[in-house]
>>> print(open('run-v8.pdb').read())   # PDB, C-alpha atoms
ATOM      1  CA  MET A 116      71.896  51.103  98.122
ATOM      2  CA  ILE A 117      71.234  49.116  94.951
ATOM      3  CA  ILE A 118      69.220  50.372  91.969
ATOM      4  CA  THR A 119      68.402  48.103  89.047
ATOM      5  CA  LYS A 120      67.125  49.362  85.710
ATOM      6  CA  THR A 121      65.265  46.714  83.704
ATOM      7  CA  PRO A 122      63.698  47.237  80.260
ATOM      8  CA  PHE A 123      60.147  46.489  79.184
ATOM      9  CA  ARG A 124      59.541  44.287  76.153
ATOM     10  CA  MET A 125      57.527  44.486  72.962
ATOM     11  CA  SER A 126      56.503  41.106  71.531
ATOM     12  CA  PHE A 127      55.845  40.937  67.791
ATOM     13  CA  PHE A 128      55.350  37.284  66.838
ATOM     14  CA  GLY A 129      54.941  33.892  68.499
ATOM     15  CA  GLY A 130      53.121  34.952  71.650
ATOM     16  CA  GLY A 131      51.308  31.964  73.136
ATOM     17  CA  THR A 132      53.827  29.441  71.799
ATOM     18  CA  ASP A 133      55.965  30.257  74.875
ATOM     19  CA  MET A 134      53.430  28.495  77.107
ATOM     20  CA  GLU A 135      55.046  25.411  78.602
ATOM     21  CA  SER A 136      51.944  23.319  77.896
ATOM     22  CA  PHE A 137      52.375  24.094  74.175
ATOM     23  CA  PHE A 138      56.111  24.181  73.511
ATOM     24  CA  LYS A 139      56.956  20.985  75.408
ATOM     25  CA  GLU A 140      55.047  19.115  72.723
ATOM     26  CA  ASN A 141      55.114  21.412  69.674
ATOM     27  CA  GLY A 142      58.117  23.675  70.146
ATOM     28  CA  GLY A 143      57.785  27.428  70.260
ATOM     29  CA  ALA A 144      59.446  30.685  69.254
ATOM     30  CA  VAL A 145      58.964  34.374  69.960
ATOM     31  CA  LEU A 146      60.301  37.419  68.152
ATOM     32  CA  SER A 147      60.537  40.338  70.570
ATOM     33  CA  THR A 148      62.577  43.339  71.594
ATOM     34  CA  THR A 149      63.148  45.422  74.676
ATOM     35  CA  PHE A 150      62.956  49.198  74.293
ATOM     36  CA  ASP A 151      63.875  52.377  76.121
ATOM     37  CA  LYS A 152      61.215  52.313  78.837
ATOM     38  CA  TYR A 153      62.175  50.779  82.168
ATOM     39  CA  CYS A 154      61.264  49.810  85.690
ATOM     40  CA  TYR A 155      63.544  50.701  88.588
ATOM     41  CA  VAL A 156      63.933  48.710  91.784
ATOM     42  CA  ASN A 157      65.704  50.374  94.691
ATOM     43  CA  VAL A 158      66.777  48.094  97.559
ATOM     44  CA  ARG A 159      68.729  48.855 100.720
ATOM     45  CA  HIS A 160      69.117  47.421 104.181
ATOM     46  CA  LEU A 161      66.613  48.858 106.639
ATOM     47  CA  PRO A 162      68.238  50.143 109.865
ATOM     48  CA  ARG A 163      66.864  48.587 113.049
ATOM     49  CA  PHE A 164      65.323  51.799 114.313
ATOM     50  CA  PHE A 165      61.742  51.132 113.261
ATOM     51  CA  ASP A 166      58.876  49.099 114.640
ATOM     52  CA  TYR A 167      58.819  47.100 111.386
ATOM     53  CA  SER A 168      61.557  45.134 109.629
ATOM     54  CA  THR A 169      60.513  45.445 105.993
ATOM     55  CA  GLU A 170      59.188  48.441 104.074
ATOM     56  CA  LEU A 171      57.861  48.138 100.521
ATOM     57  CA  SER A 172      56.722  50.945  98.249
ATOM     58  CA  TYR A 173      55.023  50.200  94.912
ATOM     59  CA  SER A 174      51.401  51.130  94.111
ATOM     60  CA  LYS A 175      50.865  50.862  97.861
ATOM     61  CA  THR A 176      53.100  50.957 100.919
ATOM     62  CA  GLU A 177      53.611  47.937 103.171
ATOM     63  CA  ARG A 178      55.401  47.869 106.511
ATOM     64  CA  VAL A 179      55.649  44.439 108.152
ATOM     65  CA  THR A 180      57.676  42.561 110.712
ATOM     66  CA  ASN A 181      56.958  39.136 109.271
ATOM     67  CA  ILE A 182      57.654  38.232 105.630
ATOM     68  CA  ASP A 183      54.532  36.061 105.567
ATOM     69  CA  ASP A 184      52.459  39.221 106.112
ATOM     70  CA  ILE A 185      53.651  40.787 102.833
ATOM     71  CA  GLN A 186      50.680  41.144 100.483
ATOM     72  CA  HIS A 187      52.652  41.379  97.241
ATOM     73  CA  PRO A 188      53.129  37.727  96.203
ATOM     74  CA  ALA A 189      56.225  38.218  94.042
ATOM     75  CA  ILE A 190      58.083  40.188  96.726
ATOM     76  CA  ARG A 191      57.013  37.802  99.476
ATOM     77  CA  ASN A 192      58.119  34.705  97.573
ATOM     78  CA  ALA A 193      61.342  36.274  96.273
ATOM     79  CA  MET A 194      62.385  37.321  99.770
ATOM     80  CA  LYS A 195      61.782  33.798 101.009
ATOM     81  CA  MET A 196      63.552  32.245  98.032
ATOM     82  CA  LEU A 197      66.707  34.337  98.490
ATOM     83  CA  ASP A 198      66.475  34.606 102.289
ATOM     84  CA  MET A 199      66.159  38.399 102.344
ATOM     85  CA  HIS A 200      65.463  40.241 105.604
ATOM     86  CA  GLU A 201      65.315  43.795 106.918
ATOM     87  CA  ILE A 202      65.099  45.651 103.630
ATOM     88  CA  ARG A 203      63.464  48.713 102.147
ATOM     89  CA  LEU A 204      62.304  48.217  98.538
ATOM     90  CA  THR A 205      60.930  50.871  96.188
ATOM     91  CA  TYR A 206      59.486  50.273  92.717
ATOM     92  CA  GLU A 207      59.060  52.920  90.007
ATOM     93  CA  ALA A 208      58.399  52.631  86.279
ATOM     94  CA  ASP A 209      58.274  54.710  83.111
ATOM     95  CA  LEU A 210      54.973  53.131  81.963
ATOM     96  CA  PRO A 211      51.879  51.686  83.680
ATOM     97  CA  ALA A 212      51.747  48.160  85.055
ATOM     98  CA  ARG A 213      49.397  45.555  83.533
ATOM     99  CA  SER A 214      49.776  47.164  80.099
ATOM    100  CA  GLY A 215      51.043  44.272  77.949
ATOM    101  CA  LEU A 216      54.736  45.133  78.151
ATOM    102  CA  GLY A 217      55.834  42.334  80.481
ATOM    103  CA  THR A 218      56.014  44.794  83.380
ATOM    104  CA  SER A 219      55.532  42.217  86.139
ATOM    105  CA  SER A 220      58.348  40.072  84.764
ATOM    106  CA  SER A 221      60.639  43.089  84.360
ATOM    107  CA  PHE A 222      59.951  43.834  88.008
ATOM    108  CA  ALA A 223      60.671  40.211  88.987
ATOM    109  CA  VAL A 224      63.990  40.225  87.098
ATOM    110  CA  GLY A 225      64.989  43.627  88.465
ATOM    111  CA  MET A 226      64.061  42.661  92.030
ATOM    112  CA  LEU A 227      66.028  39.387  91.932
ATOM    113  CA  ASN A 228      68.991  41.217  90.412
ATOM    114  CA  ALA A 229      68.832  43.811  93.194
ATOM    115  CA  PHE A 230      68.595  41.140  95.897
ATOM    116  CA  TYR A 231      71.670  39.346  94.574
ATOM    117  CA  ALA A 232      73.589  42.625  94.324
ATOM    118  CA  LEU A 233      72.657  43.552  97.892
ATOM    119  CA  LYS A 234      74.099  40.204  98.967
ATOM    120  CA  GLY A 235      77.274  40.991  97.021
ATOM    121  CA  LYS A 236      76.607  38.216  94.490
ATOM    122  CA  TYR A 237      76.497  38.230  90.698
ATOM    123  CA  ALA A 238      73.642  36.612  88.785
ATOM    124  CA  ASP A 239      74.002  36.274  85.015
ATOM    125  CA  LYS A 240      71.158  36.738  82.512
ATOM    126  CA  LYS A 241      70.298  33.049  82.314
ATOM    127  CA  LYS A 242      70.117  32.681  86.088
ATOM    128  CA  LEU A 243      67.909  35.759  86.432
ATOM    129  CA  ALA A 244      65.565  34.570  83.684
ATOM    130  CA  ASP A 245      65.311  31.038  85.086
ATOM    131  CA  GLU A 246      64.653  32.222  88.623
ATOM    132  CA  ALA A 247      62.116  34.828  87.510
ATOM    133  CA  ILE A 248      60.244  32.106  85.601
ATOM    134  CA  TYR A 249      60.318  29.875  88.682
ATOM    135  CA  LEU A 250      59.199  32.760  90.910
ATOM    136  CA  GLU A 251      56.223  33.796  88.785
ATOM    137  CA  CYS A 252      55.088  30.477  87.310
ATOM    138  CA  ASN A 253      55.778  28.121  90.222
ATOM    139  CA  LEU A 254      55.897  30.037  93.485
ATOM    140  CA  CYS A 255      53.283  32.661  92.560
ATOM    141  CA  GLN A 256      51.268  30.275  90.368
ATOM    142  CA  GLU A 257      50.806  32.937  87.678
ATOM    143  CA  ALA A 258      49.319  31.684  84.408
ATOM    144  CA  GLY A 259      51.479  32.653  81.447
ATOM    145  CA  GLY A 260      54.451  31.863  79.277
ATOM    146  CA  TRP A 261      58.194  32.258  79.644
ATOM    147  CA  GLN A 262      59.008  34.979  77.119
ATOM    148  CA  ASP A 263      58.663  38.040  79.378
ATOM    149  CA  GLN A 264      61.195  36.970  81.994
ATOM    150  CA  ILE A 265      63.719  35.991  79.311
ATOM    151  CA  ALA A 266      63.276  39.205  77.314
ATOM    152  CA  ALA A 267      63.643  41.401  80.400
ATOM    153  CA  SER A 268      66.769  39.577  81.547
ATOM    154  CA  PHE A 269      68.616  39.274  78.233
ATOM    155  CA  GLY A 270      67.535  42.566  76.649
ATOM    156  CA  GLY A 271      67.836  43.459  72.973
ATOM    157  CA  PHE A 272      66.094  42.256  69.824
ATOM    158  CA  ASN A 273      65.914  38.465  69.988
ATOM    159  CA  ARG A 274      64.387  35.305  68.692
ATOM    160  CA  ILE A 275      63.687  33.042  71.675
ATOM    161  CA  ASN A 276      63.259  29.367  70.793
ATOM    162  CA  PHE A 277      61.465  26.976  73.160
ATOM    163  CA  ASN A 278      61.632  23.178  73.214
ATOM    164  CA  ALA A 279      61.264  20.238  75.555
ATOM    165  CA  ASP A 280      64.722  20.967  77.033
ATOM    166  CA  GLY A 281      64.114  24.657  77.732
ATOM    167  CA  TYR A 282      64.978  27.693  75.635
ATOM    168  CA  GLU A 283      67.712  29.469  73.707
ATOM    169  CA  VAL A 284      68.116  33.180  72.986
ATOM    170  CA  LEU A 285      69.348  34.177  69.520
ATOM    171  CA  PRO A 286      69.980  37.880  68.792
ATOM    172  CA  VAL A 287      68.330  39.086  65.577
ATOM    173  CA  ILE A 288      71.008  40.743  63.458
ATOM    174  CA  ILE A 289      69.552  43.666  61.515
ATOM    175  CA  SER A 290      71.444  46.332  59.584
ATOM    176  CA  PRO A 291      71.409  49.707  61.371
ATOM    177  CA  GLU A 292      69.546  51.304  58.454
ATOM    178  CA  ARG A 293      66.818  48.627  58.440
ATOM    179  CA  LYS A 294      66.465  48.762  62.209
ATOM    180  CA  LYS A 295      66.134  52.535  62.057
ATOM    181  CA  GLN A 296      63.442  52.272  59.386
ATOM    182  CA  LEU A 297      61.526  49.649  61.385
ATOM    183  CA  ASN A 298      61.616  51.900  64.420
ATOM    184  CA  LYS A 299      60.312  54.836  62.355
ATOM    185  CA  ASN A 300      57.432  52.723  61.058
ATOM    186  CA  LEU A 301      56.161  51.583  64.456
ATOM    187  CA  MET A 302      53.704  53.633  66.507
ATOM    188  CA  MET A 303      52.533  52.679  69.989
ATOM    189  CA  PHE A 304      49.366  53.914  71.713
ATOM    190  CA  PHE A 305      48.062  53.344  75.229
ATOM    191  CA  THR A 306      44.439  52.168  75.200
ATOM    192  CA  GLY A 307      43.873  53.320  78.770
ATOM    193  CA  PHE A 308      42.774  49.835  79.816
ATOM    194  CA  THR A 309      44.938  47.761  82.150
ATOM    195  CA  ARG A 310      44.538  44.145  83.217
ATOM    196  CA  PHE A 311      46.401  41.265  84.851
ATOM    197  CA  SER A 312      47.971  39.055  82.185
ATOM    198  CA  SER A 313      47.349  35.931  84.277
ATOM    199  CA  ASP A 314      43.631  36.797  84.483
ATOM    200  CA  VAL A 315      43.459  37.024  80.676
ATOM    201  CA  GLN A 316      45.292  33.716  80.317
ATOM    202  CA  LYS A 317      42.906  32.020  82.732
ATOM    203  CA  ALA A 318      39.845  33.487  81.000
ATOM    204  CA  ASN A 319      41.118  32.290  77.627
ATOM    205  CA  ALA A 320      41.612  28.794  79.041
ATOM    206  CA  VAL A 321      37.914  28.490  79.930
ATOM    207  CA  GLY A 322      36.321  25.877  77.707
ATOM    208  CA  LYS A 323      39.764  24.560  76.752
ATOM    209  CA  GLN A 324      39.009  24.765  73.036
ATOM    210  CA  ASP A 325      41.887  23.515  70.910
ATOM    211  CA  LYS A 326      44.069  26.421  69.785
ATOM    212  CA  THR A 327      46.895  24.267  68.445
ATOM    213  CA  ALA A 328      46.255  25.058  64.773
ATOM    214  CA  GLN A 329      46.322  28.829  65.355
ATOM    215  CA  LEU A 330      49.404  28.621  67.567
ATOM    216  CA  LYS A 331      51.273  26.525  65.010
ATOM    217  CA  GLU A 332      50.503  29.085  62.310
ATOM    218  CA  MET A 333      51.631  31.871  64.663
ATOM    219  CA  LEU A 334      54.834  29.895  65.242
ATOM    220  CA  ALA A 335      55.483  29.625  61.482
ATOM    221  CA  LEU A 336      55.120  33.408  61.178
ATOM    222  CA  VAL A 337      58.182  33.865  63.416
ATOM    223  CA  ASP A 338      60.389  32.426  60.642
ATOM    224  CA  ASP A 339      58.760  34.626  58.013
ATOM    225  CA  ALA A 340      59.028  37.791  60.116
ATOM    226  CA  GLU A 341      62.665  37.157  61.001
ATOM    227  CA  ARG A 342      63.486  36.663  57.325
ATOM    228  CA  VAL A 343      61.862  40.012  56.451
ATOM    229  CA  LEU A 344      63.987  41.745  59.082
ATOM    230  CA  THR A 345      67.305  40.159  58.194
ATOM    231  CA  ASP A 346      67.060  39.936  54.376
ATOM    232  CA  LYS A 347      67.621  43.407  52.932
ATOM    233  CA  ASN A 348      66.133  42.273  49.613
ATOM    234  CA  THR A 349      62.670  41.727  51.133
ATOM    235  CA  ASP A 350      60.008  44.400  51.530
ATOM    236  CA  LEU A 351      60.096  45.643  55.131
ATOM    237  CA  ASP A 352      56.417  46.576  54.850
ATOM    238  CA  ASP A 353      55.650  42.828  54.852
ATOM    239  CA  PHE A 354      56.517  42.941  58.559
ATOM    240  CA  GLY A 355      53.503  45.181  59.105
ATOM    241  CA  ARG A 356      51.196  43.027  57.016
ATOM    242  CA  MET A 357      52.252  39.962  59.012
ATOM    243  CA  LEU A 358      51.495  41.802  62.264
ATOM    244  CA  ASP A 359      47.903  42.100  61.094
ATOM    245  CA  HIS A 360      47.862  38.397  60.249
ATOM    246  CA  THR A 361      49.225  37.301  63.633
ATOM    247  CA  TRP A 362      46.765  39.622  65.433
ATOM    248  CA  ARG A 363      43.820  38.038  63.606
ATOM    249  CA  LEU A 364      45.115  34.588  64.565
ATOM    250  CA  LYS A 365      45.563  35.642  68.180
ATOM    251  CA  ARG A 366      41.991  36.931  68.251
ATOM    252  CA  GLN A 367      40.915  33.323  67.634
ATOM    253  CA  THR A 368      42.770  31.944  70.667
ATOM    254  CA  GLY A 369      40.413  33.291  73.349
ATOM    255  CA  SER A 370      37.470  35.561  74.024
ATOM    256  CA  ALA A 371      39.469  37.685  76.492
ATOM    257  CA  VAL A 372      42.187  38.603  73.972
ATOM    258  CA  SER A 373      40.305  41.706  72.817
ATOM    259  CA  THR A 374      37.219  43.780  73.559
ATOM    260  CA  ASN A 375      34.763  45.688  71.395
ATOM    261  CA  SER A 376      36.488  48.961  72.309
ATOM    262  CA  ILE A 377      39.932  47.621  71.361
ATOM    263  CA  ASP A 378      38.577  46.154  68.121
ATOM    264  CA  GLU A 379      37.152  49.575  67.249
ATOM    265  CA  LEU A 380      40.483  51.282  67.960
ATOM    266  CA  TYR A 381      42.337  48.734  65.851
ATOM    267  CA  ALA A 382      39.883  49.190  62.979
ATOM    268  CA  LYS A 383      40.350  52.971  63.150
ATOM    269  CA  GLY A 384      44.116  52.602  62.919
ATOM    270  CA  MET A 385      43.892  50.264  59.951
ATOM    271  CA  ALA A 386      41.364  52.502  58.168
ATOM    272  CA  ALA A 387      43.692  55.469  58.676
ATOM    273  CA  GLY A 388      46.527  53.738  56.823
ATOM    274  CA  ALA A 389      48.316  51.289  59.119
ATOM    275  CA  LEU A 390      49.505  48.150  57.325
ATOM    276  CA  GLY A 391      49.113  46.062  60.461
ATOM    277  CA  GLY A 392      49.359  46.025  64.206
ATOM    278  CA  LYS A 393      48.525  44.129  67.343
ATOM    279  CA  LEU A 394      47.658  44.480  70.979
ATOM    280  CA  LEU A 395      50.760  43.847  73.052
ATOM    281  CA  GLY A 396      50.766  41.171  75.732
ATOM    282  CA  ALA A 397      48.116  38.623  76.622
ATOM    283  CA  GLY A 398      45.267  40.896  75.539
ATOM    284  CA  GLY A 399      42.337  42.684  77.121
ATOM    285  CA  GLY A 400      44.043  46.081  77.294
ATOM    286  CA  GLY A 401      47.379  47.830  77.439
ATOM    287  CA  PHE A 402      49.238  49.100  74.384
ATOM    288  CA  LEU A 403      48.395  48.915  70.692
ATOM    289  CA  VAL A 404      51.317  48.932  68.270
ATOM    290  CA  PHE A 405      50.841  49.753  64.577
ATOM    291  CA  TYR A 406      53.166  49.455  61.606
ATOM    292  CA  VAL A 407      52.603  52.643  59.598
ATOM    293  CA  GLN A 408      54.472  54.054  56.604
ATOM    294  CA  PRO A 409      55.768  57.575  57.381
ATOM    295  CA  GLU A 410      53.405  59.324  54.979
ATOM    296  CA  ARG A 411      50.345  57.856  56.764
ATOM    297  CA  GLN A 412      51.451  58.451  60.346
ATOM    298  CA  ASP A 413      49.754  61.820  60.763
ATOM    299  CA  SER A 414      46.490  60.199  59.680
ATOM    300  CA  VAL A 415      46.884  57.347  62.177
ATOM    301  CA  ARG A 416      47.900  59.755  64.931
ATOM    302  CA  TRP A 417      44.740  61.777  64.250
ATOM    303  CA  ALA A 418      42.573  58.625  64.284
ATOM    304  CA  MET A 419      44.096  57.731  67.677
ATOM    305  CA  ARG A 420      43.996  61.325  68.943
ATOM    306  CA  ASP A 421      42.112  60.418  72.121
ATOM    307  CA  LEU A 422      44.847  57.975  73.141
ATOM    308  CA  MET A 423      48.371  58.547  74.415
ATOM    309  CA  HIS A 424      51.120  58.161  71.788
ATOM    310  CA  ILE A 425      54.356  56.737  73.252
ATOM    311  CA  PRO A 426      57.586  57.310  71.253
ATOM    312  CA  PHE A 427      60.290  54.725  71.821
ATOM    313  CA  GLU A 428      63.635  53.378  70.630
ATOM    314  CA  PHE A 429      64.776  49.774  70.629
ATOM    315  CA  GLU A 430      66.940  48.847  73.597
ATOM    316  CA  ASN A 431      70.325  47.264  72.844
ATOM    317  CA  GLY A 432      71.249  46.411  76.387
ATOM    318  CA  GLY A 433      69.587  44.416  79.116
ATOM    319  CA  THR A 434      69.258  44.548  82.857
ATOM    320  CA  ARG A 435      71.864  46.770  84.461
ATOM    321  CA  VAL A 436      72.855  47.166  88.086
ATOM    322  CA  ILE A 437      73.917  50.657  89.110
ATOM    323  CA  HIS A 438      75.726  51.066  92.411
ATOM    324  CA  TYR A 439      75.395  54.479  94.029
ATOM    325  CA  SER A 440      78.033  55.684  96.408
ATOM    326  CA  PRO A 441      76.547  56.860  99.716
ATOM    327  CA  GLU A 442      79.231  59.546  99.864
ATOM    328  CA  THR A 443      78.674  61.226  96.491
ATOM    329  CA  TYR A 444      75.435  59.775  95.096
ATOM    330  CA  GLU A 445      77.210  59.553  91.739
ATOM    331  CA  PRO A 446      76.864  56.381  89.629
ATOM    332  CA  LYS A 447      79.784  53.983  89.720
ATOM    333  CA  ASN A 448      80.471  51.432  86.987
TER     334      ASN A 448
END
>>> encode(input="run-v8.pdb", output="structure tokens")
Amino acid sequence: MIITKTPFRMSFFGGGTDMESFFKENGGAVLSTTFDKYCYVNVRHLPRFFDYSTELSYSKTERVTNIDDIQHPAIRNAMKMLDMHEIRLTYEADLPARSGLGTSSSFAVGMLNAFYALKGKYADKKKLADEAIYLECNLCQEAGGWQDQIAASFGGFNRINFNADGYEVLPVIISPERKKQLNKNLMMFFTGFTRFSSDVQKANAVGKQDKTAQLKEMLALVDDAERVLTDKNTDLDDFGRMLDHTWRLKRQTGSAVSTNSIDELYAKGMAAGALGGKLLGAGGGGFLVFYVQPERQDSVRWAMRDLMHIPFEFENGGTRVIHYSPETYEPKN
């Protein structure tokens, strides 16, 4: 039995510049982190005692004898890509799917990692990220960028640069004290709305209005935000103010980015004392994150009292494979 534990990601700046159609010509960069909420993929060989050869358990249960009959596109295409047969796969997660945390890409990375482990093979972070991008963007034809697969695979707090040749992952080095303060100043709330990221991306593409100017300004903010984090002489609160700026820019990149309900929630948070914030992911629903000074957090929490507040800590690691012994069911390193 193989169990993979893969973190979800929180994207702060540069979202949208990770779209291949943009960064191939203009370059791109994203500032993001993984945190201590995960998805878990359990894979094992299915004994030949059943009248089906593959069993899948996620939000629904599938039992099939032919891989082509699998309804879940990512599982179907991944099994074909890695020549997987006769398996039982179970998916569980700490937070809801379609909530702006890159959950589908975390699942893709964790599933591929589990498949390789079940075959007795090792796949490094770069290989997992590349193959998850290929799986989702090419085989499944999902509209979206590359940042989620890379963040889930590499883990940690990173700047991801994109160019015509691909991407590079650069860890953001922050002093422990500054990182702790940043974590204390961030509050995350679940709006209760979920949506498919690819659907939002497709809706925003309707009309094909030019968003290059906004995306270039969002790209420039990545440099500014990274400097605030790494330079101890700067005011950390500027990070929050820039979140508000990048959210207002993102609102201009498509009608499906936000809704009236989300705009009202964001306005409530800002009126209660948040310095800035943004909706995580492609938009349309999911999680709102606010940057709030400690003395104003009770006020913001009260303004968001009808929503679910999710505490979190930044994740320093990445995807891990845990092998469980069938004899003892104790984790082995």
>>> resolve_selection(input="run-v8.pdb", expression="the PyMOL selection byres ((chain A and resi 240-254) around 8)", output="PyMOL selection string")
chain A and resi 189+192-193+220+223-224+227-228+238-239+255-259+261+264-265+267-269
>>> residues_around(input="run-v8.pdb", residues="A:Gly131", least_positions_apart="2", cutoff="9 Å", atoms="all atoms listed in the file", output="list in words")
Gly129, Asp133, Met134, Phe137, Gly143, Val145, Gly259, Gly260, Leu330, Met333, Leu334, Lys365, Thr368 and Ala397 of chain A
>>> closest_residue(input="run-v8.pdb", among="A:Thr327, A:Thr205, A:Thr345, A:Thr121", to="A:Asp151", atoms="all atoms listed in the file")
A:Thr121
>>> atom_distance(input="run-v8.pdb", atom1="atom CA of A:Gly396", atom2="atom CA of A:Leu171")
26.7 Å
>>> atom_distance(input="run-v8.pdb", atom1="atom CA of A:Ala208", atom2="atom CA of A:Pro426")
15.8 Å
>>> resolve_selection(input="run-v8.pdb", expression="the PyMOL selection byres ((chain A and resi 408-414) around 9)", output="list in words")
Lys299, Asn300, Leu301, Met302, Asp352, Gly384, Ala387, Gly388, Ala389, Leu390, Tyr406, Val407, Val415, Arg416, Trp417, Ala418 and Met419 of chain A
>>> atom_distance(input="run-v8.pdb", atom1="atom CA of A:Gly400", atom2="atom CA of A:Lys120")
24.8 Å
>>> decode(input="run-v8.pdb", residues="stretch 331-381 of chain A", atoms="C-alpha atoms", output="PDB file, in the first residue's frame")
ATOM      1  CA  LYS A 331       2.467  42.964 -16.549  1.00  0.00           C
ATOM      2  CA  GLU A 332       1.690  45.153 -13.542  1.00  0.00           C
ATOM      3  CA  MET A 333       0.820  42.031 -11.524  1.00  0.00           C
ATOM      4  CA  LEU A 334       4.161  40.565 -12.616  1.00  0.00           C
ATOM      5  CA  ALA A 335       6.047  43.665 -11.404  1.00  0.00           C
ATOM      6  CA  LEU A 336       4.369  43.317  -7.998  1.00  0.00           C
ATOM      7  CA  VAL A 337       6.108  39.952  -7.503  1.00  0.00           C
ATOM      8  CA  ASP A 338       9.471  41.759  -7.248  1.00  0.00           C
ATOM      9  CA  ASP A 339       8.068  44.322  -4.826  1.00  0.00           C
ATOM     10  CA  ALA A 340       6.392  41.708  -2.619  1.00  0.00           C
ATOM     11  CA  GLU A 341       9.488  39.516  -2.489  1.00  0.00           C
ATOM     12  CA  ARG A 342      11.582  42.513  -1.459  1.00  0.00           C
ATOM     13  CA  VAL A 343       9.168  43.291   1.403  1.00  0.00           C
ATOM     14  CA  LEU A 344       9.478  39.717   2.654  1.00  0.00           C
ATOM     15  CA  THR A 345      13.243  39.418   2.443  1.00  0.00           C
ATOM     16  CA  ASP A 346      14.358  42.937   3.470  1.00  0.00           C
ATOM     17  CA  LYS A 347      13.969  43.269   7.237  1.00  0.00           C
ATOM     18  CA  ASN A 348      14.202  47.060   6.934  1.00  0.00           C
ATOM     19  CA  THR A 349      10.931  47.295   4.973  1.00  0.00           C
ATOM     20  CA  ASP A 350       7.470  47.528   6.509  1.00  0.00           C
ATOM     21  CA  LEU A 351       5.895  44.059   6.429  1.00  0.00           C
ATOM     22  CA  ASP A 352       2.451  45.676   6.350  1.00  0.00           C
ATOM     23  CA  ASP A 353       3.238  46.761   2.768  1.00  0.00           C
ATOM     24  CA  PHE A 354       2.738  43.098   1.850  1.00  0.00           C
ATOM     25  CA  GLY A 355      -0.908  43.437   2.849  1.00  0.00           C
ATOM     26  CA  ARG A 356      -1.386  46.697   0.985  1.00  0.00           C
ATOM     27  CA  MET A 357       0.062  45.111  -2.158  1.00  0.00           C
ATOM     28  CA  LEU A 358      -2.359  42.186  -1.815  1.00  0.00           C
ATOM     29  CA  ASP A 359      -5.195  44.680  -2.140  1.00  0.00           C
ATOM     30  CA  HIS A 360      -3.523  46.197  -5.194  1.00  0.00           C
ATOM     31  CA  THR A 361      -3.022  42.855  -6.953  1.00  0.00           C
ATOM     32  CA  TRP A 362      -6.627  41.836  -6.154  1.00  0.00           C
ATOM     33  CA  ARG A 363      -7.963  45.017  -7.769  1.00  0.00           C
ATOM     34  CA  LEU A 364      -5.822  44.325 -10.841  1.00  0.00           C
ATOM     35  CA  LYS A 365      -7.018  40.729 -10.997  1.00  0.00           C
ATOM     36  CA  ARG A 366     -10.622  41.917 -10.845  1.00  0.00           C
ATOM     37  CA  GLN A 367      -9.955  43.651 -14.177  1.00  0.00           C
ATOM     38  CA  THR A 368      -8.805  40.469 -15.936  1.00  0.00           C
ATOM     39  CA  GLY A 369     -12.232  38.825 -16.284  1.00  0.00           C
ATOM     40  CA  SER A 370     -15.869  39.014 -15.282  1.00  0.00           C
ATOM     41  CA  ALA A 371     -15.767  35.557 -13.659  1.00  0.00           C
ATOM     42  CA  VAL A 372     -12.959  36.443 -11.230  1.00  0.00           C
ATOM     43  CA  SER A 373     -15.408  37.629  -8.564  1.00  0.00           C
ATOM     44  CA  THR A 374     -19.114  37.859  -7.801  1.00  0.00           C
ATOM     45  CA  ASN A 375     -21.269  40.422  -6.027  1.00  0.00           C
ATOM     46  CA  SER A 376     -21.344  38.218  -2.918  1.00  0.00           C
ATOM     47  CA  ILE A 377     -17.545  37.869  -2.853  1.00  0.00           C
ATOM     48  CA  ASP A 378     -17.094  41.601  -3.446  1.00  0.00           C
ATOM     49  CA  GLU A 379     -19.364  42.279  -0.466  1.00  0.00           C
ATOM     50  CA  LEU A 380     -17.381  39.893   1.745  1.00  0.00           C
ATOM     51  CA  TYR A 381     -14.109  41.488   0.680  1.00  0.00           C
TER      52      TYR A 381
END
